[in-house]
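K.L.:
The following file, start_38.tsv, comprises TSV, C-alpha atoms:
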chain	number	residue	atom	x	y	z
T	1	MET	CA	34.57	-25.22	-40.98
T	2	ASN	CA	31.20	-26.06	-42.53
T	3	ALA	CA	28.01	-24.01	-42.09
T	4	LEU	CA	26.61	-26.08	-39.22
T	5	ALA	CA	29.87	-26.08	-37.24
T	6	ALA	CA	30.19	-22.30	-37.64
T	7	THR	CA	26.58	-21.69	-36.63
T	8	ASN	CA	26.89	-23.96	-33.58
T	9	ARG	CA	30.12	-22.26	-32.55
T	10	ASN	CA	28.55	-18.81	-32.73
T	11	PHE	CA	25.50	-19.95	-30.78
T	12	LYS	CA	27.63	-21.52	-28.05
T	13	LEU	CA	29.60	-18.29	-27.65
T	14	ALA	CA	26.35	-16.30	-27.45
T	15	ALA	CA	24.88	-18.80	-24.96
T	16	ARG	CA	27.86	-18.41	-22.66
T	17	LEU	CA	27.71	-14.62	-22.85
T	18	LEU	CA	24.00	-14.81	-21.96
T	19	GLY	CA	24.67	-17.29	-19.18
T	20	LEU	CA	22.27	-19.89	-20.57
T	21	ASP	CA	21.91	-23.15	-18.68
T	22	SER	CA	23.89	-25.94	-20.38
T	23	LYS	CA	20.79	-28.13	-20.66
T	24	LEU	CA	18.86	-25.34	-22.39
T	25	GLU	CA	21.83	-24.68	-24.66
T	26	LYS	CA	21.97	-28.31	-25.72
T	27	SER	CA	18.21	-28.41	-26.25
T	28	LEU	CA	18.32	-25.35	-28.52
T	29	LEU	CA	21.10	-26.85	-30.63
T	30	ILE	CA	19.18	-30.03	-31.43
T	31	PRO	CA	16.51	-29.56	-34.13
T	32	PHE	CA	12.89	-30.48	-33.42
T	33	ARG	CA	12.71	-32.71	-36.49
T	34	GLU	CA	14.91	-33.65	-39.47
T	35	ILE	CA	13.32	-35.01	-42.63
T	36	LYS	CA	15.13	-36.68	-45.52
T	37	VAL	CA	13.18	-38.06	-48.48
T	38	GLU	CA	13.88	-39.65	-51.84
T	39	CYS	CA	12.26	-37.90	-54.80
T	40	THR	CA	12.22	-39.99	-58.00
T	41	ILE	CA	10.62	-38.48	-61.09
T	42	PRO	CA	10.25	-39.43	-64.75
T	43	LYS	CA	12.23	-37.04	-66.96
T	44	ASP	CA	10.98	-35.67	-70.25
T	45	ASP	CA	13.04	-38.26	-72.15
T	46	GLY	CA	11.38	-41.15	-70.29
T	47	THR	CA	14.30	-41.96	-67.96
T	48	LEU	CA	14.05	-41.84	-64.17
T	49	ALA	CA	16.00	-39.42	-62.01
T	50	SER	CA	16.33	-39.53	-58.22
T	51	PHE	CA	17.02	-36.60	-55.92
T	52	VAL	CA	17.27	-36.19	-52.16
T	53	GLY	CA	15.08	-33.66	-50.40
T	54	PHE	CA	15.51	-32.25	-46.89
T	55	ARG	CA	13.40	-30.34	-44.41
T	56	VAL	CA	14.81	-29.44	-41.01
T	57	GLN	CA	12.35	-28.06	-38.45
T	58	HIS	CA	14.49	-26.50	-35.77
T	59	ASP	CA	12.21	-24.97	-33.13
T	60	ASN	CA	8.50	-24.21	-32.69
T	61	ALA	CA	8.52	-22.70	-29.18
T	62	ARG	CA	7.45	-19.28	-30.46
T	63	GLY	CA	5.01	-20.41	-33.15
T	64	PRO	CA	4.82	-22.29	-36.46
T	65	MET	CA	8.20	-22.94	-38.03
T	66	LYS	CA	9.15	-20.79	-41.02
T	67	GLY	CA	11.85	-21.00	-43.67
T	68	GLY	CA	12.66	-21.29	-47.34
T	69	ILE	CA	13.15	-24.19	-49.71
T	70	ARG	CA	16.17	-24.03	-52.00
T	71	TYR	CA	17.08	-26.01	-55.12
T	72	HIS	CA	20.85	-26.22	-55.52
T	73	PRO	CA	23.45	-28.96	-56.20
T	74	GLU	CA	25.25	-28.24	-52.90
T	75	VAL	CA	22.21	-28.68	-50.65
T	76	ASP	CA	23.13	-31.07	-47.82
T	77	PRO	CA	21.85	-31.88	-44.29
T	78	ASP	CA	24.43	-29.72	-42.49
T	79	GLU	CA	23.69	-26.64	-44.58
T	80	VAL	CA	19.92	-27.03	-44.17
T	81	ASN	CA	20.33	-27.63	-40.42
T	82	ALA	CA	22.42	-24.47	-40.04
T	83	LEU	CA	19.98	-22.34	-42.03
T	84	ALA	CA	17.00	-23.69	-40.03
T	85	GLN	CA	18.76	-22.77	-36.79
T	86	LEU	CA	19.49	-19.27	-38.10
T	87	MET	CA	15.81	-18.84	-38.98
T	88	THR	CA	14.93	-19.54	-35.33
T	89	TRP	CA	17.26	-16.77	-34.16
T	90	LYS	CA	16.14	-14.33	-36.87
T	91	THR	CA	12.42	-14.65	-36.13
T	92	ALA	CA	13.15	-14.32	-32.40
T	93	VAL	CA	15.34	-11.23	-32.81
T	94	ALA	CA	12.71	-9.62	-35.08
T	95	ASN	CA	10.05	-10.62	-32.50
T	96	ILE	CA	7.94	-12.42	-35.11
T	97	PRO	CA	5.81	-15.26	-33.70
T	98	TYR	CA	7.45	-18.02	-35.71
T	99	GLY	CA	10.12	-20.66	-35.23
T	100	GLY	CA	12.81	-21.71	-37.67
T	101	ALA	CA	12.92	-24.25	-40.48
T	102	LYS	CA	14.65	-24.73	-43.80
T	103	GLY	CA	14.46	-27.17	-46.70
T	104	GLY	CA	15.95	-28.00	-50.02
T	105	ILE	CA	16.54	-30.50	-52.80
T	106	GLY	CA	20.00	-31.39	-54.09
T	107	CYS	CA	19.55	-30.59	-57.79
T	108	ASN	CA	20.56	-28.11	-60.44
T	109	PRO	CA	17.33	-26.40	-61.52
T	110	GLY	CA	19.04	-25.13	-64.64
T	111	ASP	CA	19.39	-28.73	-65.86
T	112	LEU	CA	15.67	-29.47	-65.45
T	113	SER	CA	12.78	-28.41	-67.66
T	114	ILE	CA	9.75	-26.60	-66.22
T	115	SER	CA	7.70	-29.81	-66.29
T	116	GLU	CA	10.50	-31.75	-64.57
T	117	LEU	CA	10.76	-29.07	-61.85
T	118	GLU	CA	7.02	-29.25	-61.35
T	119	ARG	CA	7.08	-33.05	-60.99
T	120	LEU	CA	10.01	-32.84	-58.56
T	121	THR	CA	8.27	-30.19	-56.44
T	122	ARG	CA	5.03	-32.15	-56.32
T	123	VAL	CA	6.78	-35.40	-55.34
T	124	PHE	CA	8.68	-33.56	-52.58
T	125	THR	CA	5.41	-32.06	-51.32
T	126	GLN	CA	3.76	-35.49	-51.31
T	127	LYS	CA	6.56	-36.79	-49.08
T	128	ILE	CA	6.34	-33.96	-46.50
T	129	HIS	CA	2.71	-32.73	-46.73
T	130	ASP	CA	1.72	-34.21	-43.36
T	131	LEU	CA	4.66	-32.46	-41.65
T	132	ILE	CA	4.02	-28.92	-42.92
T	133	GLY	CA	0.97	-26.72	-42.58
T	134	ILE	CA	-0.42	-23.35	-41.52
T	135	HIS	CA	0.10	-24.04	-37.82
T	136	ILE	CA	3.10	-26.38	-38.20
T	137	ASP	CA	5.65	-25.26	-40.78
T	138	VAL	CA	5.28	-22.65	-43.55
T	139	PRO	CA	7.76	-22.95	-46.47
T	140	ALA	CA	8.92	-20.01	-48.60
T	141	PRO	CA	11.04	-19.41	-51.72
T	142	ASP	CA	14.83	-19.47	-51.52
T	143	MET	CA	17.73	-19.98	-53.92
T	144	GLY	CA	16.58	-21.71	-57.10
T	145	THR	CA	12.88	-21.46	-56.22
T	146	GLY	CA	10.24	-18.75	-56.58
T	147	PRO	CA	6.52	-17.95	-56.78
T	148	GLN	CA	5.88	-20.76	-59.30
T	149	THR	CA	7.48	-23.33	-56.98
T	150	MET	CA	5.30	-22.12	-54.11
T	151	ALA	CA	2.23	-22.37	-56.36
T	152	TRP	CA	3.02	-26.04	-57.07
T	153	ILE	CA	3.50	-26.76	-53.36
T	154	LEU	CA	0.22	-25.01	-52.51
T	155	ASP	CA	-1.68	-26.93	-55.18
T	156	GLU	CA	-0.22	-30.32	-54.21
T	157	TYR	CA	-0.72	-29.70	-50.49
T	158	SER	CA	-4.34	-28.68	-51.13
T	159	LYS	CA	-5.03	-32.08	-52.73
T	160	PHE	CA	-4.53	-33.63	-49.29
T	161	HIS	CA	-5.78	-30.88	-46.96
T	162	GLY	CA	-8.18	-28.72	-48.95
T	163	HIS	CA	-7.47	-25.26	-50.32
T	164	SER	CA	-4.81	-23.79	-48.01
T	165	PRO	CA	-3.25	-20.63	-49.48
T	166	ALA	CA	-1.47	-19.81	-46.18
T	167	VAL	CA	0.62	-23.00	-46.32
T	168	VAL	CA	3.37	-21.11	-48.18
T	169	THR	CA	4.54	-17.53	-48.50
T	170	GLY	CA	6.06	-16.01	-51.63
T	171	LYS	CA	3.31	-17.39	-53.87
T	172	PRO	CA	1.92	-15.51	-56.90
T	173	ILE	CA	-0.34	-12.52	-56.20
T	174	ASP	CA	-3.27	-14.26	-57.94
T	175	LEU	CA	-3.08	-17.07	-55.37
T	176	GLY	CA	-3.02	-14.76	-52.36
T	177	GLY	CA	0.60	-13.64	-52.36
T	178	SER	CA	1.74	-10.33	-50.88
T	179	LEU	CA	2.52	-7.26	-52.96
T	180	GLY	CA	6.21	-6.43	-52.74
T	181	ARG	CA	7.26	-9.90	-51.57
T	182	ASP	CA	9.30	-10.60	-54.69
T	183	ALA	CA	11.49	-7.53	-54.20
T	184	ALA	CA	11.52	-7.60	-50.38
T	185	THR	CA	14.93	-9.22	-49.78
T	186	GLY	CA	16.67	-7.15	-52.45
T	187	ARG	CA	15.06	-4.02	-51.01
T	188	GLY	CA	16.41	-5.04	-47.61
T	189	VAL	CA	19.91	-5.10	-49.14
T	190	LEU	CA	19.34	-1.54	-50.39
T	191	PHE	CA	18.16	-0.41	-46.94
T	192	ALA	CA	21.21	-1.99	-45.31
T	193	ALA	CA	23.53	-0.26	-47.81
T	194	GLU	CA	21.78	3.07	-47.20
T	195	ALA	CA	22.12	2.70	-43.43
T	196	LEU	CA	25.83	1.88	-43.75
T	197	LEU	CA	26.51	4.80	-46.08
T	198	ASN	CA	24.49	7.22	-43.92
T	199	GLU	CA	26.86	6.52	-41.03
T	200	HIS	CA	29.66	7.85	-43.20
T	201	GLY	CA	27.72	10.82	-44.56
T	202	LYS	CA	27.24	9.26	-47.99
T	203	THR	CA	24.34	8.10	-50.17
T	204	VAL	CA	23.88	5.25	-52.64
T	205	SER	CA	24.13	7.67	-55.56
T	206	GLY	CA	27.56	7.53	-57.17
T	207	GLN	CA	28.79	4.52	-55.18
T	208	ARG	CA	30.20	1.50	-57.03
T	209	PHE	CA	28.68	-1.90	-56.28
T	210	ALA	CA	29.79	-5.45	-57.11
T	211	ILE	CA	27.13	-8.14	-56.77
T	212	GLN	CA	27.84	-11.85	-56.52
T	213	GLY	CA	24.65	-13.70	-57.42
T	214	PHE	CA	21.96	-12.43	-59.78
T	215	GLY	CA	18.95	-14.43	-58.69
T	216	ASN	CA	15.95	-12.90	-56.95
T	217	VAL	CA	17.98	-11.06	-54.30
T	218	GLY	CA	20.89	-9.90	-56.44
T	219	SER	CA	18.81	-8.81	-59.43
T	220	TRP	CA	16.36	-6.80	-57.33
T	221	ALA	CA	19.21	-5.24	-55.37
T	222	ALA	CA	20.85	-4.22	-58.66
T	223	GLN	CA	17.63	-2.69	-60.01
T	224	LEU	CA	16.90	-0.72	-56.84
T	225	ILE	CA	20.51	0.46	-56.48
T	226	HIS	CA	20.47	1.57	-60.14
T	227	GLU	CA	17.23	3.50	-59.51
T	228	GLN	CA	18.88	5.28	-56.58
T	229	GLY	CA	21.80	6.40	-58.73
T	230	GLY	CA	24.26	3.71	-57.66
T	231	LYS	CA	26.70	2.26	-60.17
T	232	VAL	CA	26.79	-1.54	-60.53
T	233	VAL	CA	30.27	-2.29	-61.87
T	234	ALA	CA	30.41	-6.12	-61.61
T	235	VAL	CA	27.90	-8.96	-61.48
T	236	SER	CA	28.12	-12.75	-61.43
T	237	ASP	CA	25.72	-15.69	-61.46
T	238	ILE	CA	25.90	-19.42	-62.13
T	239	THR	CA	26.56	-18.80	-65.86
T	240	GLY	CA	29.50	-16.42	-65.52
T	241	ALA	CA	30.57	-12.94	-64.48
T	242	ILE	CA	30.84	-9.51	-66.12
T	243	LYS	CA	32.23	-6.08	-65.28
T	244	ASN	CA	32.10	-2.54	-66.59
T	245	SER	CA	34.01	0.05	-64.57
T	246	LYS	CA	31.82	2.81	-66.04
T	247	GLY	CA	28.67	1.07	-64.78
T	248	ILE	CA	26.50	-1.72	-66.14
T	249	ASP	CA	23.20	-0.82	-67.81
T	250	VAL	CA	21.02	-2.77	-65.36
T	251	PRO	CA	17.70	-2.58	-67.32
T	252	SER	CA	19.48	-3.95	-70.41
T	253	LEU	CA	21.14	-6.65	-68.30
T	254	MET	CA	17.76	-7.66	-66.85
T	255	LYS	CA	16.38	-8.03	-70.37
T	256	HIS	CA	19.42	-10.11	-71.38
T	257	VAL	CA	19.10	-12.38	-68.32
T	258	LYS	CA	15.42	-12.96	-69.04
T	259	GLU	CA	16.19	-13.96	-72.64
T	260	HIS	CA	19.39	-15.96	-72.05
T	261	LYS	CA	18.89	-17.30	-68.49
T	262	GLY	CA	22.06	-15.69	-67.16
T	263	VAL	CA	24.53	-12.79	-67.35
T	264	LYS	CA	26.94	-14.65	-69.65
T	265	GLY	CA	27.23	-13.07	-73.08
T	266	PHE	CA	25.95	-9.63	-72.08
T	267	HIS	CA	27.44	-7.17	-74.59
T	268	GLY	CA	27.45	-4.14	-72.32
T	269	ALA	CA	30.29	-5.44	-70.14
T	270	ASP	CA	33.47	-7.51	-70.24
T	271	ALA	CA	33.53	-11.17	-69.20
T	272	ILE	CA	35.63	-12.00	-66.10
T	273	GLU	CA	36.29	-15.07	-63.97
T	274	PRO	CA	33.24	-15.70	-61.71
T	275	GLN	CA	35.29	-15.83	-58.49
T	276	SER	CA	37.05	-12.56	-59.27
T	277	VAL	CA	33.85	-10.57	-58.76
T	278	LEU	CA	34.63	-10.81	-55.04
T	279	VAL	CA	37.87	-8.87	-55.48
T	280	GLU	CA	36.81	-6.35	-58.13
T	281	ASP	CA	37.41	-2.69	-57.34
T	282	CYS	CA	34.21	-1.31	-55.78
T	283	ASP	CA	32.85	0.64	-52.81
T	284	ILE	CA	30.39	-2.02	-51.65
T	285	LEU	CA	30.46	-5.77	-52.29
T	286	ILE	CA	27.13	-7.59	-52.06
T	287	PRO	CA	27.39	-11.40	-51.69
T	288	ALA	CA	23.91	-12.52	-52.77
T	289	ALA	CA	24.53	-16.19	-53.54
T	290	LEU	CA	25.69	-19.01	-51.26
T	291	GLY	CA	27.03	-18.33	-47.77
T	292	GLY	CA	30.65	-18.68	-46.69
T	293	VAL	CA	32.17	-16.90	-49.69
T	294	ILE	CA	33.97	-14.24	-47.64
T	295	ASN	CA	37.04	-16.01	-46.35
T	296	ARG	CA	40.82	-15.74	-46.17
T	297	PHE	CA	41.28	-17.98	-49.20
T	298	VAL	CA	39.28	-15.75	-51.52
T	299	PHE	CA	40.86	-12.52	-50.35
T	300	GLY	CA	44.36	-13.97	-49.98
T	301	VAL	CA	45.38	-16.74	-52.34
T	302	GLU	CA	42.76	-15.91	-54.98
T	303	GLN	CA	43.84	-12.29	-55.17
T	304	ASN	CA	47.50	-13.32	-55.42
T	305	LEU	CA	46.73	-15.75	-58.24
T	306	LEU	CA	44.82	-13.04	-60.11
T	307	LEU	CA	47.76	-10.70	-59.60
T	308	LEU	CA	50.17	-13.39	-60.81
T	309	LEU	CA	48.18	-13.95	-64.00
T	310	ARG	CA	48.00	-10.24	-64.69
T	311	LEU	CA	51.69	-9.63	-64.07
T	312	LEU	CA	52.87	-12.61	-66.15
T	313	THR	CA	51.08	-11.22	-69.18
T	314	THR	CA	51.85	-7.53	-68.60
T	315	GLU	CA	55.23	-5.81	-68.20
T	316	ILE	CA	55.12	-3.42	-65.30
T	317	ALA	CA	56.51	0.10	-65.58
T	318	GLY	CA	55.72	3.47	-64.03
T	319	THR	CA	53.46	3.86	-61.01
T	320	LYS	CA	51.41	0.84	-59.95
T	321	ARG	CA	49.27	0.22	-56.87
T	322	LYS	CA	48.03	-3.20	-55.78
T	323	LEU	CA	46.22	-4.11	-52.60
T	324	LEU	CA	46.41	-7.66	-51.29
T	325	PRO	CA	43.50	-7.68	-48.79
T	326	SER	CA	44.53	-10.71	-46.72
T	327	SER	CA	47.79	-9.09	-45.63
T	328	PHE	CA	46.96	-5.43	-46.34
T	329	TRP	CA	50.17	-4.96	-48.31
T	330	VAL	CA	50.28	-2.16	-50.83
T	331	ILE	CA	52.72	-2.32	-53.70
T	332	GLU	CA	53.10	1.17	-55.12
T	333	GLY	CA	55.57	3.70	-56.48
T	334	LYS	CA	57.93	3.51	-59.41
T	335	MET	CA	58.93	0.01	-60.38
T	336	PRO	CA	61.45	-1.06	-63.03
T	337	MET	CA	60.68	-3.66	-65.65
T	338	ILE	CA	60.28	-6.99	-63.90
T	339	SER	CA	61.48	-10.17	-65.51
T	340	LYS	CA	59.27	-13.25	-65.16
T	341	PRO	CA	61.81	-15.35	-63.17
T	342	ASN	CA	62.29	-12.55	-60.61
T	343	LEU	CA	58.54	-12.00	-60.48
T	344	LEU	CA	57.83	-15.65	-59.82
T	345	LEU	CA	60.42	-15.72	-57.04
T	346	LYS	CA	58.94	-12.64	-55.40
T	347	LEU	CA	55.40	-14.01	-55.62
T	348	LEU	CA	56.49	-17.35	-54.18
T	349	ILE	CA	58.05	-15.52	-51.24
T	350	ILE	CA	54.86	-13.51	-50.79
T	351	GLN	CA	52.75	-16.69	-50.78
T	352	LEU	CA	55.06	-18.36	-48.23
T	353	ILE	CA	54.86	-15.32	-45.95
T	354	GLN	CA	51.08	-15.21	-46.34
T	355	LYS	CA	50.79	-18.87	-45.40
T	356	LEU	CA	52.76	-18.11	-42.25
T	357	MET	CA	50.54	-15.11	-41.54
T	358	ARG	CA	47.38	-17.19	-41.99
T	359	PHE	CA	48.77	-19.76	-39.57
T	360	VAL	CA	49.46	-17.02	-37.01
T	361	LEU	CA	46.00	-15.49	-37.54
T	362	GLU	CA	44.32	-18.87	-37.05
T	363	LEU	CA	46.41	-19.47	-33.93
T	364	PHE	CA	45.37	-16.12	-32.47
T	365	GLU	CA	41.73	-16.79	-33.42
T	366	GLY	CA	41.87	-20.09	-31.55
T	367	LEU	CA	43.43	-18.42	-28.51
T	368	ARG	CA	40.74	-15.71	-28.62
T	369	VAL	CA	37.92	-18.27	-28.63
T	370	VAL	CA	39.55	-20.19	-25.75
T	371	ASN	CA	39.93	-16.94	-23.80
T	372	GLU	CA	36.27	-16.00	-24.37
T	373	LEU	CA	35.11	-19.41	-23.20
T	374	ALA	CA	37.36	-19.19	-20.14
T	375	ASN	CA	35.92	-15.78	-19.22
T	376	CYS	CA	32.29	-16.88	-19.54
As C-alpha cells, how would this structure be written, given the file I've shared?
P.N.:
Amino acid sequence: MNALAATNRNFKLAARLLGLDSKLEKSLLIPFREIKVECTIPKDDGTLASFVGFRVQHDNARGPMKGGIRYHPEVDPDEVNALAQLMTWKTAVANIPYGGAKGGIGCNPGDLSISELERLTRVFTQKIHDLIGIHIDVPAPDMGTGPQTMAWILDEYSKFHGHSPAVVTGKPIDLGGSLGRDAATGRGVLFAAEALLNEHGKTVSGQRFAIQGFGNVGSWAAQLIHEQGGKVVAVSDITGAIKNSKGIDVPSLMKHVKEHKGVKGFHGADAIEPQSVLVEDCDILIPAALGGVINRFVFGVEQNLLLLLRLLTTEIAGTKRKLLPSSFWVIEGKMPMISKPNLLLKLLIIQLIQKLMRFVLELFEGLRVVNELANC
C-alpha cells in the first residue's frame, strides 16, 4: 500500500467514526490544486538536465496552505498528495490557521553542485510563483532542503512580487527567519521521547537510541539526546550506517558529517548495513528519514536474513538469545553446535511459518477493517 492509499484509508475510517457526510468526505479527499512542472537546467559541465517538480495544495478552508518542499529521488505525485493531506489534518489538530500543502522535486541533491541546486530551485520557483504567496501557500524546508533553499525561493519570488520575506518559513535568520527553527523538529522528537519515557518513570539519560536518517531532524535529535545524557548507539543516512554499543560520540560525528557529507567512514563506530539500523538493539528507535519504513518486511524477513548471515558465519554454542520481532519468537537456552545444512533447513521452516503467519495477520487486518466499516 503506497502513502496516498494508506492516508486515504485512515481518513475514511476517521470520517466514518466522526459520522461525516459522504459528500464532505469526498470533498476533503480531493486536493484543491495539483501542480506538476518540468524543470530543465544547465549543469556545470554544459549539459542539460530535466527534473519534475510537484506542488499539491490540499485545502485552504482554514487559511493559507502550508507545507514543506523536499528534494529526493523518490518524490512522486502520490507521496506529495499524501503529505499535503496530512498537513491539512496536522494544522487543524494543532488549531493553527493554515491549510495543508506539500511539494518536491524528484532529484538526488547529493549529485548536484550548489550552483546546480540554486538553478533548479529558481526554475521551480519561476514555474509556481503565481500559485504561492503569503496569503495563498507558504513553503518550508523538508528532506533535502534547508534555509539556503528557502533563501533562493524568497529571492526568486521577490523578483516577481517585490520583497516578500513571509513567502517561506525556515529561511536564514538574516532574512527574517525564526530563532530555533532549525532545531525545532529534532527538539520535538526529544520532547516526544521524554513524554513516552515519563509515562514509564524513566528519563532520556542512560537510554539507548537508534536513529535512521541524519539530516536536519535526525542530527538535531541526536545532539539534543546526547546533551540530555542519552546514548546514541546506531545511526544511518544516505551514505551508510554505523553503530557503537557503548555510545557514539555525537559531537565528533557531527564534525565528521560536516566534513565528509555523511556518516560513512566515521572512525568512532563500526559500519553496518543501512537497513539493519532498524533492528539494532536499542531502547528507542527514531525513524527520521522517509515514511513507511516500519513494516512487517523489515521486522520479519529482514531480521531473519540478518540472523541467517550471522549464523552461517558463526558456530553457535552456549547460551544464545534471539528475538524475531515479526513473530515474537525467542530462541534461547543451551544449544549444541549447529551444522549449516540443519541450520538452513530450520531457517527455511521458520520462513515458511512466518509467511503463513503474515498471511493470517493480513487476513485478520482485512476482517478488522471490514468490521469497523460495518459498525460505522
K.L.:
Rounded to one decimal, what separation in Å do you get between atom CA of T:Lys66 and atom CA of T:Pro139?
P.N.:
6.0 Å
K.L.:
Write out as a VMD selection string the residues lying within 9 Å of stretch 168-177 of chain T, counting only C-alpha atoms and excluding same-chain residues fewer than 4 positions away.
P.N.:
chain T and resid 133 to 134 137 to 141 146 to 151 153 to 154 164 181 to 182
K.L.:
If we count all atoms listed in the file, what is near stretch 69-75 of chain T at a cut-off of 7 Å, once residues fewer than 4 positions away on the same chain are taken out, given as a ChimeraX atom specification?
P.N.:
/T:79,102-109,139-145
K.L.:
Residues near T:Met65, anyone? I mean within 12 Å using all atoms listed in the file, not counting same-chain ones fewer than 2 positions away, as a count of residues only.
P.N.:
43
K.L.:
What's the 8 Å shell around T:Leu253, counting all atoms listed in the file, without same-chain residues fewer than 6 positions away, as a count of residues only?
P.N.:
3
K.L.:
Smallest atom-to-atom distance to T:Gly188: which of T:Ile30, T:Leu290, T:Ile225, T:Val279, using all atoms listed in the file?
P.N.:
T:Ile225
K.L.:
For T:Gln207, which residue out of T:Leu120, T:Val189, T:Ser178, T:Lys246 is the nearest one, using only C-alpha atoms?
P.N.:
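The closest residue to T:Gln207 is T:Lys246.
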K.L.:
Using all atoms listed in the file, find the one residue out of T:Ser158, T:Asn198, T:Ser219, T:Asn8 that sits nearest to T:Pro251.
P.N.:
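Result for the nearest residue to T:Pro251: T:Ser219.
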K.L.:
One number please: atom CA of T:Asn2 to atom CA of T:Asn216, in Å, one decimal.
P.N.:
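Result for atom CA of T:Asn2 versus atom CA of T:Asn216: 24.8 Å, one decimal.
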K.L.:
I'd like the interatomic distance between atom CA of T:Ile238 and atom CA of T:Leu197, to a tenth of an Å.
P.N.:
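So the two atoms, atom CA of T:Ile238 and atom CA of T:Leu197, lie 29.1 Å apart.
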K.L.:
Can you pull out every residue within 6 Å of T:Gly247, counting all atoms listed in the file, but drop anything in the same chain fewer than 3 positions away, and send it as a list in words?
P.N.:
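Answer for this query is Lys231, Val232, Val233 and Asn244 of chain T.
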K.L.:
Pick the closest to T:Asp45 from T:Glu227, T:Asp270, T:Glu116, T:Glu280: which is it, counting all atoms listed in the file?
P.N.:
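Once distances to T:Asp45 are computed over all atoms listed in the file, the minimum belongs to T:Glu116.
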K.L.:
Of the candidates T:Val250, T:Val360, T:Ile242, T:Ile286, which one gets nearest to T:Glu273 if we count all atoms listed in the file?
P.N.:
T:Ile242
K.L.:
Using all atoms listed in the file for the distances, tell me which of T:Asp21, T:Asp237, T:Glu34, T:Asp283 is nearest to T:Arg208.
P.N.:
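With all atoms listed in the file as the atom set, the closest residue is T:Asp283.
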K.L.:
Could you check which residues have any atom within 7 Å of (15.8, -12.9, -63.0), counting all atoms listed in the file with coordinates taken straight from the file, and then list them as a list of chain:residue names?
P.N.:
T:Phe214, T:Gly215, T:Asn216, T:Ser219, T:Met254, T:Val257, T:Lys258
K.L.:
How big is the axis-aligned box, and where does its centre sit, when it encloses all atoms of stretch 250-259 of chain T listed in the file and has 8 Å added on every side, reported in Å to one decimal as JSON?
P.N.:
{"center_x": 18.3, "center_y": -8.3, "center_z": -69.0, "size_x": 21.7, "size_y": 27.4, "size_z": 23.3}
